[in-house]
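What follows is the content of input.txt (compact mmCIF, C-alpha atoms and all ligand atoms).
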# COMPACT_ATOMS: atom_id res chain seq x y z
CA MET F 1 22.02 -3.00 -4.32
CA ILE F 2 21.77 -5.39 -7.25
CA ILE F 3 18.42 -7.15 -7.55
CA LYS F 4 19.04 -10.82 -8.31
CA SER F 5 15.53 -12.05 -7.66
CA ALA F 6 12.08 -10.77 -6.78
CA ASP F 7 9.20 -13.18 -6.33
CA PHE F 8 5.58 -12.99 -5.34
CA ILE F 9 5.09 -14.92 -2.10
CA CYS F 10 1.52 -14.45 -0.91
CA SER F 11 -1.60 -12.27 -0.76
CA ASN F 12 -3.42 -11.94 2.52
CA THR F 13 -6.45 -10.36 4.08
CA GLN F 14 -5.54 -11.60 7.54
CA VAL F 15 -2.63 -10.36 9.58
CA SER F 16 -2.42 -13.77 11.27
CA LYS F 17 -1.57 -15.44 7.96
CA LEU F 18 1.41 -13.29 7.00
CA PRO F 19 4.81 -14.94 6.55
CA PRO F 20 6.87 -15.21 9.77
CA PRO F 21 8.47 -11.82 10.56
CA VAL F 22 12.02 -13.06 10.20
CA LYS F 23 13.13 -10.85 7.34
CA PRO F 24 13.21 -7.05 7.12
CA GLU F 25 10.09 -5.69 5.50
CA TYR F 26 9.12 -2.39 3.79
CA ALA F 27 5.49 -1.42 3.25
CA PHE F 28 4.50 0.72 0.27
CA ILE F 29 1.40 2.70 0.98
CA GLY F 30 -0.45 5.73 -0.34
CA ARG F 31 -3.59 6.90 -2.03
CA SER F 32 -5.22 4.72 -4.60
CA ASN F 33 -3.57 5.15 -8.01
CA VAL F 34 -0.52 7.01 -6.61
CA GLY F 35 1.76 4.45 -8.27
CA LYS F 36 2.65 1.93 -5.53
CA SER F 37 2.59 -1.14 -7.71
CA SER F 38 4.43 0.64 -10.55
CA LEU F 39 7.15 1.74 -8.13
CA ILE F 40 7.57 -1.80 -6.83
CA ASN F 41 7.98 -3.09 -10.37
CA MET F 42 10.49 -0.36 -11.13
CA LEU F 43 12.53 -1.06 -7.98
CA THR F 44 12.66 -4.79 -8.59
CA GLY F 45 13.11 -4.47 -12.33
CA LYS F 46 10.23 -6.91 -12.87
CA LYS F 47 7.51 -5.34 -14.94
CA GLY F 48 4.54 -7.58 -14.16
CA LEU F 49 5.42 -8.39 -10.53
CA ALA F 50 2.83 -6.14 -8.87
CA LYS F 51 -0.37 -5.64 -10.82
CA THR F 52 -0.87 -2.06 -11.97
CA SER F 53 -3.98 -0.43 -13.36
CA GLN F 54 -5.42 2.89 -14.48
CA THR F 55 -8.47 2.12 -12.36
CA PRO F 56 -7.93 3.04 -8.70
CA GLY F 57 -8.43 0.27 -6.17
CA LYS F 58 -6.50 -2.42 -8.06
CA THR F 59 -4.48 -3.76 -5.13
CA GLN F 60 -6.89 -5.18 -2.55
CA LEU F 61 -4.72 -7.39 -0.38
CA ILE F 62 -1.45 -7.35 1.53
CA ASN F 63 0.96 -8.69 -1.07
CA HIS F 64 4.40 -9.93 -0.05
CA PHE F 65 7.27 -9.98 -2.53
CA LEU F 66 10.58 -11.53 -1.53
CA VAL F 67 13.64 -9.75 -2.90
CA ASN F 68 17.09 -11.37 -3.15
CA GLU F 69 15.74 -14.11 -0.86
CA ASN F 70 16.30 -11.88 2.17
CA TRP F 71 13.88 -8.95 2.42
CA TYR F 72 10.25 -8.21 1.71
CA ILE F 73 8.47 -5.52 -0.23
CA VAL F 74 4.81 -5.24 0.74
CA ASP F 75 2.27 -3.79 -1.65
CA LEU F 76 -0.77 -2.52 0.21
CA PRO F 77 -4.18 -1.46 -1.07
CA GLY F 78 -4.47 2.29 -1.61
CA TYR F 79 -6.31 4.49 0.84
CA GLY F 80 -8.77 7.24 0.03
CA TYR F 81 -10.45 5.52 -2.87
CA ALA F 82 -13.49 7.78 -3.26
CA ARG F 83 -15.77 5.16 -4.73
CA ALA F 84 -15.20 2.54 -2.03
CA SER F 85 -18.12 2.11 0.36
CA LYS F 86 -17.94 3.33 3.94
CA THR F 87 -17.75 -0.23 5.26
CA LYS F 88 -14.93 -1.01 2.87
CA LYS F 89 -13.00 2.07 3.96
CA ALA F 90 -13.49 1.15 7.61
CA ASP F 91 -12.31 -2.41 6.90
CA TRP F 92 -9.29 -1.02 5.10
CA ASN F 93 -8.39 1.16 8.06
CA LYS F 94 -8.74 -1.62 10.59
CA PHE F 95 -6.77 -4.13 8.60
CA ILE F 96 -3.95 -1.83 7.54
CA GLN F 97 -3.63 -0.17 10.93
CA MET F 98 -3.41 -3.57 12.56
CA TYR F 99 -0.77 -4.67 10.07
CA LEU F 100 1.33 -1.50 10.46
CA ASP F 101 0.98 -1.43 14.21
CA LYS F 102 1.75 -5.08 14.87
CA ARG F 103 4.19 -6.19 12.23
CA GLU F 104 7.40 -6.82 14.16
CA SER F 105 9.65 -7.02 11.11
CA LEU F 106 8.38 -3.82 9.48
CA GLN F 107 11.42 -1.56 9.13
CA CYS F 108 9.99 1.44 7.39
CA VAL F 109 6.73 2.62 5.87
CA MET F 110 7.26 4.09 2.42
CA VAL F 111 4.51 6.71 2.07
CA LEU F 112 3.88 7.50 -1.57
CA ILE F 113 2.74 10.98 -2.50
CA ASP F 114 1.65 12.14 -5.96
CA SER F 115 4.18 14.87 -6.81
CA ARG F 116 1.65 16.71 -8.99
CA LEU F 117 -0.75 17.50 -6.18
CA GLU F 118 -1.06 20.06 -3.44
CA PRO F 119 -0.68 18.42 0.00
CA GLN F 120 -3.70 16.16 0.47
CA LYS F 121 -5.36 16.06 3.85
CA ILE F 122 -5.55 12.28 3.86
CA ASP F 123 -1.77 11.96 3.26
CA VAL F 124 -0.88 14.45 5.97
CA GLU F 125 -3.26 12.74 8.40
CA PHE F 126 -1.81 9.36 7.59
CA CYS F 127 1.73 10.65 8.28
CA ASN F 128 0.51 12.09 11.55
CA TRP F 129 -0.97 8.74 12.50
CA LEU F 130 2.37 7.02 11.73
CA GLY F 131 4.09 9.61 13.89
CA GLU F 132 1.69 9.00 16.78
CA LYS F 133 2.36 5.28 16.54
CA GLY F 134 6.10 5.89 16.50
CA LEU F 135 6.50 4.12 13.16
CA SER F 136 9.44 5.06 10.93
CA PHE F 137 8.46 6.37 7.56
CA VAL F 138 9.87 8.13 4.52
CA LEU F 139 8.13 10.10 1.77
CA VAL F 140 8.32 8.87 -1.79
CA PHE F 141 7.07 11.38 -4.36
CA THR F 142 5.79 9.62 -7.48
CA LYS F 143 5.19 10.43 -11.15
CA ALA F 144 7.87 13.14 -11.27
CA ASP F 145 8.08 12.68 -15.05
CA LYS F 146 4.64 14.19 -15.45
CA GLN F 147 5.82 17.74 -14.78
CA SER F 148 8.85 20.01 -14.52
CA SER F 149 11.32 19.47 -11.70
CA LEU F 150 10.51 22.98 -10.48
CA LYS F 151 6.87 21.96 -10.00
CA THR F 152 7.97 18.79 -8.19
CA ASP F 153 10.26 20.79 -5.90
CA GLN F 154 7.34 23.08 -5.07
CA SER F 155 5.10 20.12 -4.21
CA VAL F 156 7.80 18.65 -1.99
CA ALA F 157 8.30 21.98 -0.22
CA LYS F 158 4.57 22.38 0.39
CA PHE F 159 4.25 18.88 1.79
CA LYS F 160 7.25 19.42 4.08
CA LYS F 161 5.62 22.59 5.34
CA ALA F 162 2.36 20.75 6.06
CA LEU F 163 4.22 18.09 8.07
CA LEU F 164 6.20 20.65 10.04
CA GLU F 165 2.93 21.72 11.64
CA THR F 166 3.06 18.50 13.67
CA PHE F 167 6.61 17.15 13.32
CA ASP F 168 9.85 18.73 14.51
CA GLU F 169 11.69 17.46 11.48
CA VAL F 170 10.66 16.05 8.15
CA PRO F 171 11.41 12.44 7.24
CA GLN F 172 13.72 11.43 4.44
CA ILE F 173 12.39 12.25 0.98
CA PHE F 174 12.75 10.44 -2.34
CA VAL F 175 11.61 11.79 -5.70
CA THR F 176 10.76 9.04 -8.17
CA SER F 177 9.40 8.22 -11.58
CA ALA F 178 8.49 4.65 -12.40
CA GLU F 179 8.42 5.72 -16.03
CA LEU F 180 12.01 7.05 -16.04
CA HIS F 181 13.41 4.72 -13.34
CA ALA F 182 14.27 7.78 -11.28
CA GLY F 183 14.97 7.41 -7.56
CA ARG F 184 15.64 3.69 -7.82
CA ASP F 185 19.27 3.65 -6.61
CA GLU F 186 18.48 6.03 -3.75
CA ILE F 187 15.64 3.89 -2.39
CA LEU F 188 17.51 0.62 -2.83
CA SER F 189 20.58 1.90 -1.01
CA PHE F 190 18.39 3.26 1.79
CA ILE F 191 16.82 -0.20 2.18
CA SER F 192 20.15 -1.95 1.93
CA GLY F 193 21.52 0.18 4.78
CA ILE F 194 18.67 -0.84 7.07
CA ASN F 195 18.85 -4.50 6.04
CA GLN F 196 22.46 -4.70 7.21
CA ASP F 197 21.45 -4.01 10.80
CA PHE F 198 18.38 -6.26 10.88
CA GLU F 199 18.04 -8.67 13.76
CA ILE F 200 15.21 -11.17 13.92
CA PRO F 201 12.64 -9.77 16.37
CA ASP F 202 10.82 -11.67 19.10
CA TYR F 203 7.47 -12.59 17.70
CA LYS F 204 4.33 -14.47 18.52
CA THR F 205 2.92 -17.17 16.28
CA PHE F 206 -0.83 -17.31 15.94
CA ASP F 207 -1.40 -21.09 16.10
N1 LIG N 1 3.78 8.79 -15.99
C1 LIG N 1 3.81 7.99 -14.94
N2 LIG N 1 2.75 7.21 -14.67
C2 LIG N 1 2.80 6.41 -13.59
C3 LIG N 1 3.94 6.37 -12.72
N3 LIG N 1 3.68 5.49 -11.73
C4 LIG N 1 2.45 4.99 -11.97
N4 LIG N 1 1.90 5.54 -13.08
C5 LIG N 1 0.57 5.24 -13.64
O1 LIG N 1 -0.42 5.48 -12.65
C6 LIG N 1 -1.46 4.49 -12.69
C7 LIG N 1 -1.60 3.80 -11.33
O2 LIG N 1 -0.43 3.06 -11.06
P1 LIG N 1 -0.42 1.82 -10.01
O3 LIG N 1 1.00 1.47 -9.83
O4 LIG N 1 -1.37 0.75 -10.42
O5 LIG N 1 -0.99 2.55 -8.71
P2 LIG N 1 -1.32 1.93 -7.26
O6 LIG N 1 -0.94 2.98 -6.28
O7 LIG N 1 -0.68 0.59 -7.10
O8 LIG N 1 -2.91 1.81 -7.34
P3 LIG N 1 -3.90 0.90 -6.45
O9 LIG N 1 -3.32 -0.49 -6.37
O10 LIG N 1 -5.16 0.96 -7.24
O11 LIG N 1 -4.02 1.56 -5.14
C8 LIG N 1 -1.08 3.54 -13.82
O12 LIG N 1 -1.77 3.94 -14.98
C9 LIG N 1 0.42 3.77 -13.97
O13 LIG N 1 0.90 3.49 -15.26
C10 LIG N 1 5.06 7.22 -13.05
O14 LIG N 1 6.09 7.28 -12.37
N5 LIG N 1 4.93 8.00 -14.16
MG MG N 2 -1.51 -1.23 -6.63
What does the file become when written as structure tokens?
Amino acid sequence: MIIKSADFICSNTQVSKLPPPVKPEYAFIGRSNVGKSSLINMLTGKKGLAKTSQTPGKTQLINHFLVNENWYIVDLPGYGYARASKTKKADWNKFIQMYLDKRESLQCVMVLIDSRLEPQKIDVEFCNWLGEKGLSFVLVFTKADKQSSLKTDQSVAKFKKALLETFDEVPQIFVTSAELHAGRDEILSFISGINQDFEIPDYKTFD
């Protein structure tokens, strides 16, 4: 897929204020600092589109970006930010779960996993939750440039093994580096394949 345009549309803290669910949508989610915003910038080819930061907890809202006028990328706040208060974490859970659970046009949840780490409990639990809800998801391993490909392969294998404790099969896997633009074509062609079959869902308006 060639990216002709990518534009910021809106930031929201309320599910009721999201754009109408008439275009296919892909949510990028994962632990704080895993590289969600960097990946979005890499995929769209627009460096400053999603705000990135070395300080975890940068993205605080549901941010919609419209790509090629016909599909949305959604940048979500990271989960598992250790320094966030309990109330904040609970708010995050409620808000994000409601969004993921209710968003009619959501086609796939892109779960980002830091390829340098051993399987993290919070990531595995989040995947299990998606599975329970029957939501489609794929795994996107990030920051592959930070280590050898052997080390990345080992991380991927360990994560697969952790998921196979609850799932019969593992979801599709992408290995990426925002730094090296790796994995871009694979993810864009995956999205393009789904976009082709998109039909506008029935949906409720909130007014
Ligand atoms: N080397 C390398 N660094 C990366 C890569 N992706 C992200 N980073 C760095 O990791 C840090 C966090 O990146 P962000 O994209 O802001 O992470 P995020 O997941 O959006 O973080 P929050 O919005 O805080 O949840 C930044 O310092 C990035 O430059 C990558 O592929 N390779
Ligand atoms: Mg971010």
* **Contacts of ligand MG 2 (chain N), 12 Å or closer, all atoms listed in the file, given as a PyMOL selection string** => chain F and resi 28-41+48-63+74-79+81+112
* Structure fact -> Shortest contact to Lys133 in chain F, candidates F:Asp145, F:Asp197, F:Glu69, F:Asp101, atoms counted only C-alpha atoms, goes to F:Asp101
* Asked: Which residue gives the smallest distance to Gly45 in chain F among F:Leu18, F:Ala178, F:Val170, F:Ile96, with only C-alpha atoms counted?
  -> F:Ala178
* For Ile173 in chain F, please output as a PyMOL selection string all residues within 9 Å (counting only C-alpha atoms; exclusion window: fewer than 4 positions along the same chain). => chain F and resi 138-141+156
* Å distance separating CA of Ala157 in chain F from CA of Met42 in chain F, one decimal place -> 25.0 Å
* Asked: From the list F:Arg184, F:Lys121, F:Lys88, F:Arg116, which residue is nearest Lys151 in chain F when using all atoms listed in the file?
  ->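 Selected residue with least distance to Lys151 in chain F: F:Arg116.
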* Between CA of Lys4 in chain F and CA of Val22 in chain F, what is the distance, to one decimal in Å? -> 19.9 Å
* Looking at F:Leu43, F:Ile122, F:Ile9, F:Ala27, which one is nearest to Leu188 in chain F, with distances taken over only C-alpha atoms? ->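 Checking each of F:Leu43, F:Ile122, F:Ile9, F:Ala27 against Leu188 in chain F, counting only C-alpha atoms, the winner is F:Leu43.
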Could you work out an axis-aligned bounding box for all listed atoms of range 117-128 of chain F, with 5 Å added on each of the six sides, and give its centre and edge lengths in Å to one decimal, as lines of an AutoDock Vina configuration file?
center_x = -1.9
center_y = 14.7
center_z = 2.7
size_x = 17.3
size_y = 20.7
size_z = 27.7
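Nearest residue to ligand LIG 1 (chain N), choosing from F:Lys94, F:Lys47, F:Lys158, F:Arg103 and counting only C-alpha atoms and all ligand atoms: F:Lys47.
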* Given the choices F:Leu117, F:Met1, F:Leu150, F:Ala144, which gets closest to ligand LIG 1 (chain N) if the distance is worked out from all atoms listed in the file? -> F:Ala144
